[in-house]
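To be precise, the following lines are data26.cif, and they hold mmCIF, C-alpha atoms.
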```cif
data_query
loop_
_atom_site.label_atom_id
_atom_site.label_comp_id
_atom_site.auth_asym_id
_atom_site.auth_seq_id
_atom_site.Cartn_x
_atom_site.Cartn_y
_atom_site.Cartn_z
CA MET A 1 -9.90 6.23 2.02
CA GLN A 2 -7.18 6.59 4.64
CA THR A 3 -7.28 4.21 7.60
CA ASN A 4 -6.36 5.09 11.17
CA GLU A 5 -6.37 2.25 13.71
CA LEU A 6 -4.49 4.24 16.34
CA THR A 7 -6.33 5.50 19.43
CA SER A 8 -5.17 7.22 22.59
CA ASP A 9 -6.31 4.19 24.63
CA LEU A 10 -4.23 1.83 22.49
CA LEU A 11 -1.21 4.14 22.74
CA ARG A 12 -1.58 4.29 26.52
CA ARG A 13 -1.80 0.49 26.73
CA LEU A 14 1.41 0.14 24.73
CA ALA A 15 3.25 2.78 26.78
CA ASP A 16 2.16 1.08 30.01
CA LEU A 17 3.24 -2.42 28.96
CA HIS A 18 5.43 -4.29 31.45
CA THR A 19 7.59 -6.99 29.91
CA ASP A 20 9.43 -8.28 33.01
CA GLY A 21 12.83 -8.00 31.36
CA ALA A 22 11.86 -9.18 27.88
CA CYS A 23 12.66 -7.02 24.85
CA VAL A 24 10.10 -5.48 22.53
CA LEU A 25 10.50 -5.31 18.77
CA SER A 26 9.00 -2.09 17.34
CA LEU A 27 8.73 -1.82 13.56
CA PHE A 28 7.55 1.14 11.48
CA LEU A 29 6.92 0.69 7.77
CA ASN A 30 6.49 3.56 5.32
CA LEU A 31 3.55 2.86 2.98
CA ASP A 32 3.34 6.28 1.32
CA PRO A 33 1.40 5.52 -1.89
CA SER A 34 3.53 8.00 -3.84
CA GLN A 35 6.60 5.83 -3.11
CA PHE A 36 5.20 2.39 -2.33
CA GLY A 37 2.02 2.22 -4.37
CA THR A 38 2.77 -1.20 -5.85
CA VAL A 39 3.07 -4.63 -4.26
CA PRO A 40 6.74 -5.10 -5.32
CA ALA A 41 7.71 -1.70 -3.91
CA ARG A 42 6.04 -2.47 -0.57
CA ALA A 43 7.64 -5.92 -0.46
CA THR A 44 11.10 -4.42 -1.03
CA GLU A 45 10.57 -1.88 1.77
CA ALA A 46 9.25 -4.57 4.12
CA LYS A 47 12.31 -6.74 3.42
CA ALA A 48 14.58 -3.77 4.16
CA LEU A 49 12.76 -3.28 7.46
CA ILE A 50 13.23 -6.91 8.51
CA ASP A 51 16.89 -6.75 7.46
CA GLU A 52 17.33 -3.70 9.70
CA ALA A 53 15.68 -5.52 12.61
CA GLU A 54 18.08 -8.46 12.18
CA ARG A 55 21.04 -6.08 12.01
CA ARG A 56 19.96 -4.36 15.22
CA LEU A 57 19.66 -7.75 16.92
CA ARG A 58 23.20 -8.69 15.86
CA GLU A 59 24.51 -5.39 17.23
CA ALA A 60 22.69 -5.73 20.58
CA ASP A 61 25.54 -7.56 22.34
CA ARG A 62 24.23 -6.93 25.89
CA LEU A 63 21.16 -9.11 25.45
CA SER A 64 20.83 -12.43 27.25
CA HIS A 65 20.43 -15.70 25.36
CA ASP A 66 16.70 -15.82 26.20
CA GLN A 67 16.19 -12.24 24.99
CA GLN A 68 17.98 -12.98 21.72
CA GLN A 69 15.94 -16.14 21.13
CA SER A 70 12.69 -14.35 21.81
CA LEU A 71 13.58 -11.50 19.45
CA ARG A 72 14.56 -13.92 16.69
CA GLY A 73 11.14 -15.49 16.97
CA ASP A 74 9.43 -12.07 16.94
CA ILE A 75 11.38 -10.97 13.86
CA GLU A 76 10.42 -14.17 12.07
CA ARG A 77 6.79 -13.70 13.03
CA ALA A 78 6.87 -10.13 11.74
CA ARG A 79 8.47 -11.34 8.49
CA ASP A 80 5.72 -13.94 8.05
CA TYR A 81 3.01 -11.35 8.72
CA LEU A 82 4.39 -8.87 6.18
CA ARG A 83 4.47 -11.64 3.56
CA SER A 84 1.01 -13.02 4.37
CA PRO A 85 -2.44 -12.14 2.98
CA ALA A 86 -3.30 -10.79 6.46
CA PHE A 87 -1.12 -7.77 5.71
CA SER A 88 -3.02 -5.31 3.58
CA ALA A 89 -1.83 -1.80 2.78
CA GLU A 90 -5.30 -0.71 1.71
CA GLY A 91 -6.08 2.70 3.18
CA ALA A 92 -2.79 2.87 5.10
CA HIS A 93 0.06 5.33 4.61
CA GLY A 94 2.12 3.69 7.34
CA LEU A 95 2.22 0.63 9.58
CA ALA A 96 3.39 0.12 13.16
CA LEU A 97 4.08 -3.39 14.46
CA PHE A 98 4.96 -4.29 18.05
CA ALA A 99 6.01 -7.79 19.09
CA CYS A 100 7.12 -9.35 22.38
CA SER A 101 6.35 -13.06 22.70
CA PRO A 102 7.01 -13.36 26.48
CA ALA A 103 4.49 -10.54 27.09
CA GLY A 104 1.96 -11.98 24.62
CA LEU A 105 2.25 -8.89 22.41
CA PHE A 106 1.79 -8.82 18.65
CA GLU A 107 0.05 -5.60 17.63
CA THR A 108 -0.28 -4.15 14.14
CA ILE A 109 -1.63 -0.64 13.60
CA LYS A 110 -2.49 0.97 10.27
CA LEU A 111 -1.58 4.66 10.22
CA PRO A 112 -3.05 7.50 8.15
CA ARG A 113 0.32 9.20 7.61
CA PRO A 114 3.66 8.02 6.25
CA VAL A 115 6.33 7.17 8.84
CA ASP A 116 10.05 6.62 8.46
CA THR A 117 10.84 2.93 8.04
CA LEU A 118 12.49 2.03 11.33
CA ALA A 119 13.29 -0.96 13.56
CA VAL A 120 13.85 -0.52 17.31
CA ILE A 121 14.74 -3.07 19.99
CA ASP A 122 14.08 -1.86 23.52
CA ASP A 123 12.55 -2.96 26.81
CA SER A 124 9.25 -1.25 25.97
CA PRO A 125 7.27 -0.39 22.81
CA TRP A 126 8.78 2.57 20.93
CA VAL A 127 5.75 4.87 20.83
CA GLU A 128 7.34 8.25 20.10
CA PRO A 129 6.43 8.27 16.35
CA LEU A 130 2.78 7.67 17.29
CA ALA A 131 2.35 10.19 20.11
CA GLU A 132 1.26 13.16 18.02
CA LEU A 133 -1.03 11.08 15.81
CA ALA A 134 -2.97 9.72 18.77
CA MET A 135 -3.16 13.00 20.67
CA ARG A 136 -4.81 15.18 18.02
CA GLY A 137 -8.22 14.23 19.31
CA SER A 138 -11.42 13.01 17.69
CA TRP A 139 -13.47 15.17 15.35
CA ALA A 140 -16.94 15.31 13.88
CA VAL A 141 -18.35 17.31 10.97
CA LEU A 142 -22.05 18.22 10.81
CA LEU A 143 -23.34 19.43 7.43
CA VAL A 144 -26.89 20.71 7.33
CA ASN A 145 -29.30 22.58 5.05
CA ARG A 146 -33.08 22.99 5.09
CA GLN A 147 -33.83 19.31 4.54
CA THR A 148 -30.63 17.26 4.78
CA GLY A 149 -28.18 16.57 7.58
CA ARG A 150 -24.90 14.70 7.15
CA MET A 151 -22.49 13.72 9.90
CA LEU A 152 -18.91 12.50 9.55
CA ARG A 153 -16.59 11.57 12.37
CA GLY A 154 -13.11 10.26 13.01
CA SER A 155 -9.63 11.76 13.26
CA PRO A 156 -7.97 14.72 11.50
CA ASP A 157 -6.58 12.19 9.03
CA ARG A 158 -9.69 10.12 8.39
CA LEU A 159 -13.40 10.91 8.45
CA VAL A 160 -16.15 8.31 8.04
CA GLU A 161 -19.68 9.28 7.05
CA LEU A 162 -22.67 8.13 9.10
CA PRO A 163 -26.22 7.58 7.76
CA PRO A 164 -27.83 10.85 6.63
CA ILE A 165 -30.66 12.68 8.37
CA GLU A 166 -33.28 13.56 5.77
CA ASP A 167 -36.69 15.20 6.14
CA GLU A 168 -39.26 16.24 3.60
CA VAL A 169 -39.47 20.03 3.51
CA HIS A 170 -41.76 21.66 0.96
CA GLY A 171 -40.46 24.36 -1.35
CA GLN A 172 -41.69 27.94 -1.35
CA HIS A 173 -44.25 29.36 -3.79
CA ASP A 174 -45.31 32.84 -4.84
CA GLN A 175 -49.09 32.70 -4.91
CA GLY A 176 -49.30 35.70 -2.57
CA GLY A 177 -51.92 36.64 -0.03
CA TRP A 178 -53.02 34.87 3.12
CA SER A 179 -52.52 31.37 1.73
CA GLN A 180 -48.88 32.10 0.95
CA ALA A 181 -48.24 33.37 4.49
CA ARG A 182 -49.85 30.25 5.96
CA TYR A 183 -47.89 28.02 3.57
CA GLN A 184 -44.65 29.81 4.47
CA ARG A 185 -45.28 29.26 8.18
CA SER A 186 -45.82 25.58 7.44
CA VAL A 187 -42.52 25.38 5.53
CA GLU A 188 -40.62 27.13 8.32
CA LYS A 189 -42.13 24.71 10.83
CA GLU A 190 -40.86 21.81 8.72
CA VAL A 191 -37.36 23.37 8.61
CA HIS A 192 -37.48 23.92 12.39
CA ASP A 193 -38.46 20.30 12.96
CA HIS A 194 -35.67 19.11 10.64
CA LEU A 195 -33.01 21.11 12.53
CA LYS A 196 -34.38 19.91 15.86
CA ARG A 197 -34.22 16.28 14.75
CA THR A 198 -30.71 16.75 13.33
CA ALA A 199 -29.56 18.19 16.68
CA GLU A 200 -31.12 15.26 18.55
CA VAL A 201 -29.49 12.67 16.30
CA ALA A 202 -26.09 14.41 16.58
CA PHE A 203 -26.33 14.38 20.38
CA ARG A 204 -27.37 10.72 20.50
CA ARG A 205 -24.34 9.84 18.40
CA PHE A 206 -22.12 11.93 20.65
CA ARG A 207 -23.44 10.16 23.75
CA ARG A 208 -22.74 6.75 22.19
CA SER A 209 -19.24 7.74 21.13
CA PRO A 210 -18.01 11.18 22.31
CA PHE A 211 -15.73 13.36 20.17
CA ASP A 212 -13.54 16.32 21.09
CA ARG A 213 -14.36 18.92 18.44
CA LEU A 214 -17.11 19.66 15.95
CA LEU A 215 -17.09 21.49 12.62
CA LEU A 216 -20.25 22.83 11.00
CA GLY A 217 -20.97 23.30 7.30
CA GLY A 218 -23.90 24.63 5.30
CA PRO A 219 -25.72 27.87 4.45
CA GLU A 220 -24.90 30.59 6.98
CA GLU A 221 -28.53 31.35 7.85
CA ILE A 222 -29.15 27.65 8.57
CA LEU A 223 -25.95 27.19 10.61
CA ALA A 224 -26.86 29.99 13.02
CA ALA A 225 -30.21 28.32 13.70
CA MET A 226 -28.58 24.87 13.85
CA GLU A 227 -25.99 25.92 16.41
CA GLU A 228 -28.72 27.36 18.65
CA ARG A 229 -30.46 23.98 18.70
CA LEU A 230 -27.37 21.92 19.49
CA HIS A 231 -27.03 20.51 22.98
CA GLN A 232 -24.67 22.52 25.16
CA TYR A 233 -22.11 19.70 25.09
CA LEU A 234 -21.96 19.99 21.30
CA ARG A 235 -22.06 23.81 21.17
CA GLU A 236 -19.01 24.02 23.40
CA ARG A 237 -17.15 21.69 21.02
CA VAL A 238 -17.80 23.73 17.86
CA ALA A 239 -14.35 24.66 16.55
CA GLY A 240 -15.11 26.21 13.15
CA ARG A 241 -17.14 26.17 9.95
CA LEU A 242 -16.63 24.72 6.49
CA LYS A 243 -17.66 25.92 3.06
CA VAL A 244 -18.91 22.82 1.26
CA ASP A 245 -22.07 21.82 -0.54
CA VAL A 246 -24.16 19.86 1.92
CA GLU A 247 -25.72 17.41 -0.52
CA THR A 248 -23.17 16.91 -3.29
CA SER A 249 -19.77 17.02 -1.55
CA THR A 250 -18.02 13.68 -1.30
CA THR A 251 -16.38 12.47 1.92
CA ALA A 252 -12.97 13.23 0.41
CA GLU A 253 -14.05 16.78 -0.46
CA VAL A 254 -15.35 17.35 3.05
CA ALA A 255 -12.07 16.05 4.48
CA ARG A 256 -10.06 18.40 2.25
CA ALA A 257 -12.20 21.35 3.33
CA ALA A 258 -11.81 20.37 6.99
CA ALA A 259 -8.00 19.93 6.87
CA PRO A 260 -6.95 23.62 6.96
CA VAL A 261 -9.53 24.39 9.66
CA ILE A 262 -8.21 21.54 11.81
CA GLU A 263 -4.62 22.68 11.22
CA GLN A 264 -5.56 26.18 12.36
CA VAL A 265 -7.20 24.78 15.49
CA ASP A 266 -4.09 22.67 16.19
CA SER A 267 -1.88 25.75 15.75
CA GLU A 268 -3.98 27.80 18.14
CA ARG A 269 -4.05 24.97 20.69
CA GLU A 270 -0.26 24.67 20.49
CA ARG A 271 0.23 28.44 20.82
CA ASP A 272 -2.09 28.55 23.84
CA ALA A 273 -0.17 25.72 25.55
CA LEU A 274 3.17 27.45 24.86
CA GLU A 275 1.88 30.73 26.28
CA ARG A 276 0.66 28.95 29.41
CA LEU A 277 4.05 27.22 29.68
CA ALA A 278 5.90 30.55 29.49
CA GLU A 279 3.56 32.07 32.08
CA GLY A 280 3.94 29.09 34.41
CA VAL A 281 7.74 29.07 34.15
CA ASN A 282 8.10 32.84 34.55
CA SER A 283 5.81 32.96 37.58
CA GLY A 284 7.34 29.90 39.21
CA GLY A 285 3.94 28.25 39.03
CA ARG A 286 2.63 25.27 37.08
CA GLY A 287 5.29 25.12 34.42
CA ALA A 288 8.57 23.22 34.00
CA ALA A 289 11.12 23.95 31.27
CA GLY A 290 14.27 22.20 30.14
CA LEU A 291 15.08 18.49 30.19
CA ALA A 292 16.02 18.11 33.88
CA ASP A 293 13.01 19.93 35.36
CA THR A 294 10.55 18.40 32.90
CA ILE A 295 11.73 14.85 33.54
CA ALA A 296 11.66 15.47 37.29
CA ALA A 297 8.00 16.51 37.00
CA LEU A 298 7.27 13.43 34.87
CA ASN A 299 8.87 11.15 37.47
CA GLU A 300 6.67 12.80 40.12
CA ARG A 301 3.58 12.29 37.89
CA ARG A 302 2.68 15.98 38.01
CA VAL A 303 2.46 16.60 34.25
CA GLY A 304 -0.79 17.55 32.57
CA ALA A 305 0.73 18.27 29.14
CA LEU A 306 4.18 17.59 27.69
CA LEU A 307 5.48 19.91 24.97
CA VAL A 308 8.38 18.70 22.84
CA SER A 309 10.30 20.18 19.93
CA GLU A 310 9.93 18.04 16.80
CA GLY A 311 12.95 15.74 16.42
CA LEU A 312 14.40 16.51 19.86
CA SER A 313 16.84 13.98 21.33
CA ALA A 314 18.92 14.10 24.51
CA PRO A 315 21.04 11.60 26.44
CA GLY A 316 20.13 10.44 29.93
CA VAL A 317 19.67 7.44 32.20
CA VAL A 318 16.88 4.93 32.79
CA CYS A 319 16.17 2.55 35.66
CA ARG A 320 15.13 -0.79 34.23
CA GLN A 321 13.50 -1.83 37.49
CA CYS A 322 11.10 1.06 38.19
CA GLY A 323 11.22 3.11 34.99
CA TRP A 324 12.70 6.23 36.59
CA VAL A 325 14.29 8.54 34.01
CA GLY A 326 17.04 11.08 34.59
CA ALA A 327 18.94 13.70 32.64
CA ASP A 328 22.12 13.48 34.75
CA ALA A 329 24.79 10.80 34.57
CA LEU A 330 23.95 9.08 37.88
CA GLU A 331 24.90 5.51 38.71
CA ARG A 332 22.04 4.56 41.06
CA CYS A 333 18.33 5.20 40.84
CA PRO A 334 17.21 7.66 43.55
CA ALA A 335 13.83 5.93 43.66
CA ASP A 336 14.81 2.30 44.35
CA GLY A 337 18.62 2.24 44.35
CA GLY A 338 18.77 0.13 41.21
CA GLU A 339 21.52 0.43 38.61
CA LEU A 340 20.90 3.06 35.95
CA GLU A 341 21.44 2.42 32.26
CA GLN A 342 22.91 5.11 30.04
CA ARG A 343 20.75 5.94 27.02
CA PRO A 344 21.69 8.10 24.01
CA ASP A 345 18.13 9.43 23.92
CA VAL A 346 15.56 9.61 26.75
CA ILE A 347 12.95 11.73 24.98
CA GLU A 348 11.08 8.55 24.03
CA ARG A 349 10.95 7.60 27.73
CA ALA A 350 9.75 11.08 28.63
CA ILE A 351 6.90 10.69 26.16
CA GLU A 352 6.09 7.23 27.56
CA LEU A 353 5.92 8.65 31.08
CA ALA A 354 3.57 11.39 29.89
CA ILE A 355 1.26 8.92 28.14
CA THR A 356 1.09 6.52 31.11
CA GLN A 357 -0.07 9.37 33.39
CA SER A 358 -2.72 10.41 30.84
CA ALA A 359 -0.91 13.65 30.01
CA GLU A 360 -1.39 15.32 26.64
CA VAL A 361 1.63 15.21 24.32
CA LEU A 362 2.12 18.18 21.98
CA VAL A 363 4.88 18.11 19.36
CA ALA A 364 5.58 21.76 18.55
CA ARG A 365 5.23 21.81 14.75
CA HIS A 366 3.55 25.17 14.30
CA HIS A 367 5.56 27.33 16.72
CA PRO A 368 8.97 25.63 17.11
CA GLU A 369 10.77 28.82 18.09
CA ALA A 370 8.64 29.16 21.25
CA ILE A 371 9.54 25.72 22.63
CA GLU A 372 13.20 26.17 21.68
CA ARG A 373 13.34 29.08 24.13
CA HIS A 374 12.67 26.50 26.85
CA GLY A 375 15.36 24.07 25.72
CA GLY A 376 13.10 22.13 23.39
CA ILE A 377 10.97 20.54 26.10
CA GLY A 378 8.61 21.68 28.81
CA ALA A 379 5.52 20.66 30.76
CA LEU A 380 2.30 22.16 32.07
CA LEU A 381 1.86 20.84 35.60
CA ARG A 382 -1.22 19.62 37.41
CA PHE A 383 0.12 20.77 40.78
#
```
As structure tokens, the full file:
Amino acid sequence: MQTNELTSDLLRRLADLHTDGACVLSLFLNLDPSQFGTVPARATEAKALIDEAERRLREADRLSHDQQQSLRGDIERARDYLRSPAFSAEGAHGLALFACSPAGLFETIKLPRPVDTLAVIDDSPWVEPLAELAMRGSWAVLLVNRQTGRMLRGSPDRLVELPPIEDEVHGQHDQGGWSQARYQRSVEKEVHDHLKRTAEVAFRRFRRSPFDRLLLGGPEEILAAMEERLHQYLRERVAGRLKVDVETSTTAEVARAAAPVIEQVDSERERDALERLAEGVNSGGRGAAGLADTIAALNERRVGALLVSEGLSAPGVVCRQCGWVGADALERCPADGGELEQRPDVIERAIELAITQSAEVLVARHHPEAIERHGGIGALLRF
């Protein structure tokens, strides 16, 4: 089963990390089972990753002696971890590792999708590859028939099944007459009680650990009755229905049935955000388009959602002191007067700014042509 240890809270904590001038080592390791399904293959890829990190350190000639020493220690610690029994690829299709000894940071995160093997040295964790994974929201699946309820929850990439909800419901018979009618009413009462209990259990689980969207699966006549009994908070989160056998489907089969429904929901959510962006930009309202205007809104902490074209990169400047980001080649930070550092790509910093102000990050995978009309980047504004 795929493992996903990434959460939006963890991503926000990484994006908001302050290192007081120390450098952060960010490592991403591809563990795609189709390519790295054996221990030797994973070891070879891990060695290549550490070699790249050492090469990047050698090429980083602007680092101070203390920064270089700290990074050498972090690279060695990462090497030891990847060689140790503590590193397990079980259930993971990718791994992210962040290390910064002066900041007390050593974080490893198993990912449910493959990532490009990559080493980055910067003054903050390199979170761009993780933004979309963490922002797809949490999901639950509720499968129900006349006597069984099953609930699974997790992310679009990994669902975990919870204990079932089972009730004894008698079968129907064909004796006829008054006794059959009374028996049938008794059976329907048992079904009603089962659906009511399933709805109550689902809501209790939601209250303990809320989720963003809910999928339903089961016989159509049961699902209509089930949805009526769900608490309003759950009804408003219903995003679609699945066609799976309630009692015999495995967790993997449920996940496969849910995948295209979730993709469709993601596509519709992306299209809706792009339409609202176009409307906001055209009306001069709550929309910013293009790198300069979007980054300005991020600096002002006015962004509710950041939309980015997949693979977009753009040069700009960054203030090391306050984190201000700019698209123009300025020399001094307009916020605190500090010296600005030229960067070949500031999209990562734009994503960091969005995450630290609790803005949603949408990578336009389904409708790339729509975001390209806005220069590849835009934002829905809070005010």
Selection result of the PyMOL selection byres ((chain A and resi 156-169) around 9) on this file, as number ranges by chain: A: 1-4, 112-113, 133, 136-141, 144, 146-155, 170-171, 187-188, 190-191, 193-194, 197-198, 201, 251-252, 254-255, 258-259, 262-263
Residues selected by the PyMOL selection byres ((chain A and resi 28) around 6), written as a ChimeraX atom specification: /A:27,29,95-96,117-118
Generate a file of the selected residues that holds C-alpha atoms, formatted as a PDB file, keeping the file's coordinate frame.
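Okay, result.pdb is ready:
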```pdb
ATOM      1  CA  LEU A  27       8.730  -1.820  13.560  1.00  0.00           C
ATOM      2  CA  LEU A  29       6.920   0.690   7.770  1.00  0.00           C
ATOM      3  CA  LEU A  95       2.220   0.630   9.580  1.00  0.00           C
ATOM      4  CA  ALA A  96       3.390   0.120  13.160  1.00  0.00           C
ATOM      5  CA  THR A 117      10.840   2.930   8.040  1.00  0.00           C
ATOM      6  CA  LEU A 118      12.490   2.030  11.330  1.00  0.00           C
TER       7      LEU A 118
END
```
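Residue nearest Ala350 (chain A) within the list A:Leu362, A:Ile295, A:Ala335, A:Val261: A:Ile295 [criterion: smallest interatomic distance, only C-alpha atoms].
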Picked residues, the PyMOL selection byres ((chain A and resi 101) around 10), expected as an mmCIF file with C-alpha atoms, in the coordinates of the input:
```
data_model
loop_
_atom_site.group_PDB
_atom_site.id
_atom_site.type_symbol
_atom_site.label_atom_id
_atom_site.label_comp_id
_atom_site.auth_asym_id
_atom_site.auth_seq_id
_atom_site.Cartn_x
_atom_site.Cartn_y
_atom_site.Cartn_z
ATOM 1 C CA THR A 19 7.590 -6.990 29.910
ATOM 2 C CA ALA A 22 11.860 -9.180 27.880
ATOM 3 C CA CYS A 23 12.660 -7.020 24.850
ATOM 4 C CA VAL A 24 10.100 -5.480 22.530
ATOM 5 C CA LEU A 25 10.500 -5.310 18.770
ATOM 6 C CA SER A 70 12.690 -14.350 21.810
ATOM 7 C CA LEU A 71 13.580 -11.500 19.450
ATOM 8 C CA GLY A 73 11.140 -15.490 16.970
ATOM 9 C CA ASP A 74 9.430 -12.070 16.940
ATOM 10 C CA ARG A 77 6.790 -13.700 13.030
ATOM 11 C CA ALA A 99 6.010 -7.790 19.090
ATOM 12 C CA CYS A 100 7.120 -9.350 22.380
ATOM 13 C CA PRO A 102 7.010 -13.360 26.480
ATOM 14 C CA ALA A 103 4.490 -10.540 27.090
ATOM 15 C CA GLY A 104 1.960 -11.980 24.620
ATOM 16 C CA LEU A 105 2.250 -8.890 22.410
ATOM 17 C CA PHE A 106 1.790 -8.820 18.650
#
```
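When only C-alpha atoms are used to compute distances to Ala296 (chain A), the closest of the residues A:Ile347, A:Ile377, A:Ala43, A:Val325 turns out to be A:Val325.
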Who sits within 6 Å of region 336-343 of chain A, only C-alpha atoms, same chain under 6 positions skipped, as number ranges by chain: A: 315-319
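Distances here use all atoms listed in the file; by that measure, the residue among A:Leu234, A:Ala119, A:Ala257, A:Leu306 closest to Met135 (chain A) is A:Leu306.
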Just save region 49-106 of chain A with C-alpha atoms, as an mmCIF file, in the first residue's frame.
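Result file selection.cif:
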```
data_model
loop_
_atom_site.group_PDB
_atom_site.id
_atom_site.type_symbol
_atom_site.label_atom_id
_atom_site.label_comp_id
_atom_site.auth_asym_id
_atom_site.auth_seq_id
_atom_site.Cartn_x
_atom_site.Cartn_y
_atom_site.Cartn_z
ATOM 1 C CA LEU A 49 21.672 11.801 -4.951
ATOM 2 C CA ILE A 50 24.381 12.248 -2.309
ATOM 3 C CA ASP A 51 26.986 12.728 -5.047
ATOM 4 C CA GLU A 52 24.826 15.502 -6.525
ATOM 5 C CA ALA A 53 24.510 17.155 -3.111
ATOM 6 C CA GLU A 54 28.308 17.134 -2.699
ATOM 7 C CA ARG A 55 28.739 18.566 -6.200
ATOM 8 C CA ARG A 56 26.299 21.378 -5.451
ATOM 9 C CA LEU A 57 28.199 22.161 -2.255
ATOM 10 C CA ARG A 58 31.493 22.371 -4.161
ATOM 11 C CA GLU A 59 29.896 24.741 -6.692
ATOM 12 C CA ALA A 60 28.361 27.005 -4.019
ATOM 13 C CA ASP A 61 31.357 29.348 -3.769
ATOM 14 C CA ARG A 62 29.475 32.174 -1.998
ATOM 15 C CA LEU A 63 28.914 30.195 1.183
ATOM 16 C CA SER A 64 30.740 31.064 4.396
ATOM 17 C CA HIS A 65 33.020 28.589 6.138
ATOM 18 C CA ASP A 66 30.375 27.894 8.805
ATOM 19 C CA GLN A 67 27.700 27.280 6.167
ATOM 20 C CA GLN A 68 29.961 24.871 4.285
ATOM 21 C CA GLN A 69 30.835 22.961 7.460
ATOM 22 C CA SER A 70 27.207 22.668 8.461
ATOM 23 C CA LEU A 71 26.193 21.410 5.018
ATOM 24 C CA ARG A 72 28.985 18.834 4.987
ATOM 25 C CA GLY A 73 27.643 17.478 8.249
ATOM 26 C CA ASP A 74 24.069 17.447 6.915
ATOM 27 C CA ILE A 75 25.119 15.616 3.748
ATOM 28 C CA GLU A 76 26.958 13.022 5.822
ATOM 29 C CA ARG A 77 23.944 12.594 8.070
ATOM 30 C CA ALA A 78 21.704 12.132 5.042
ATOM 31 C CA ARG A 79 24.152 9.572 3.614
ATOM 32 C CA ASP A 80 24.113 7.632 6.895
ATOM 33 C CA TYR A 81 20.312 7.687 7.012
ATOM 34 C CA LEU A 82 19.927 6.392 3.450
ATOM 35 C CA ARG A 83 22.312 3.526 4.270
ATOM 36 C CA SER A 84 20.735 2.676 7.631
ATOM 37 C CA PRO A 85 17.914 0.256 8.552
ATOM 38 C CA ALA A 86 15.843 3.328 9.528
ATOM 39 C CA PHE A 87 15.369 4.063 5.831
ATOM 40 C CA SER A 88 12.647 1.865 4.428
ATOM 41 C CA ALA A 89 11.148 2.262 0.966
ATOM 42 C CA GLU A 90 8.115 0.166 1.884
ATOM 43 C CA GLY A 91 4.963 1.840 0.589
ATOM 44 C CA ALA A 92 6.858 4.872 -0.748
ATOM 45 C CA HIS A 93 7.206 5.980 -4.362
ATOM 46 C CA GLY A 94 9.383 8.933 -3.383
ATOM 47 C CA LEU A 95 11.254 10.422 -0.431
ATOM 48 C CA ALA A 96 11.888 14.013 0.636
ATOM 49 C CA LEU A 97 14.627 14.790 3.162
ATOM 50 C CA PHE A 98 15.334 18.204 4.687
ATOM 51 C CA ALA A 99 18.359 18.887 6.886
ATOM 52 C CA CYS A 100 19.732 21.993 8.605
ATOM 53 C CA SER A 101 21.732 21.289 11.756
ATOM 54 C CA PRO A 102 21.842 24.905 13.073
ATOM 55 C CA ALA A 103 18.017 25.019 12.891
ATOM 56 C CA GLY A 104 17.621 21.547 14.423
ATOM 57 C CA LEU A 105 16.006 20.238 11.237
ATOM 58 C CA PHE A 106 16.195 16.677 9.970
#
```
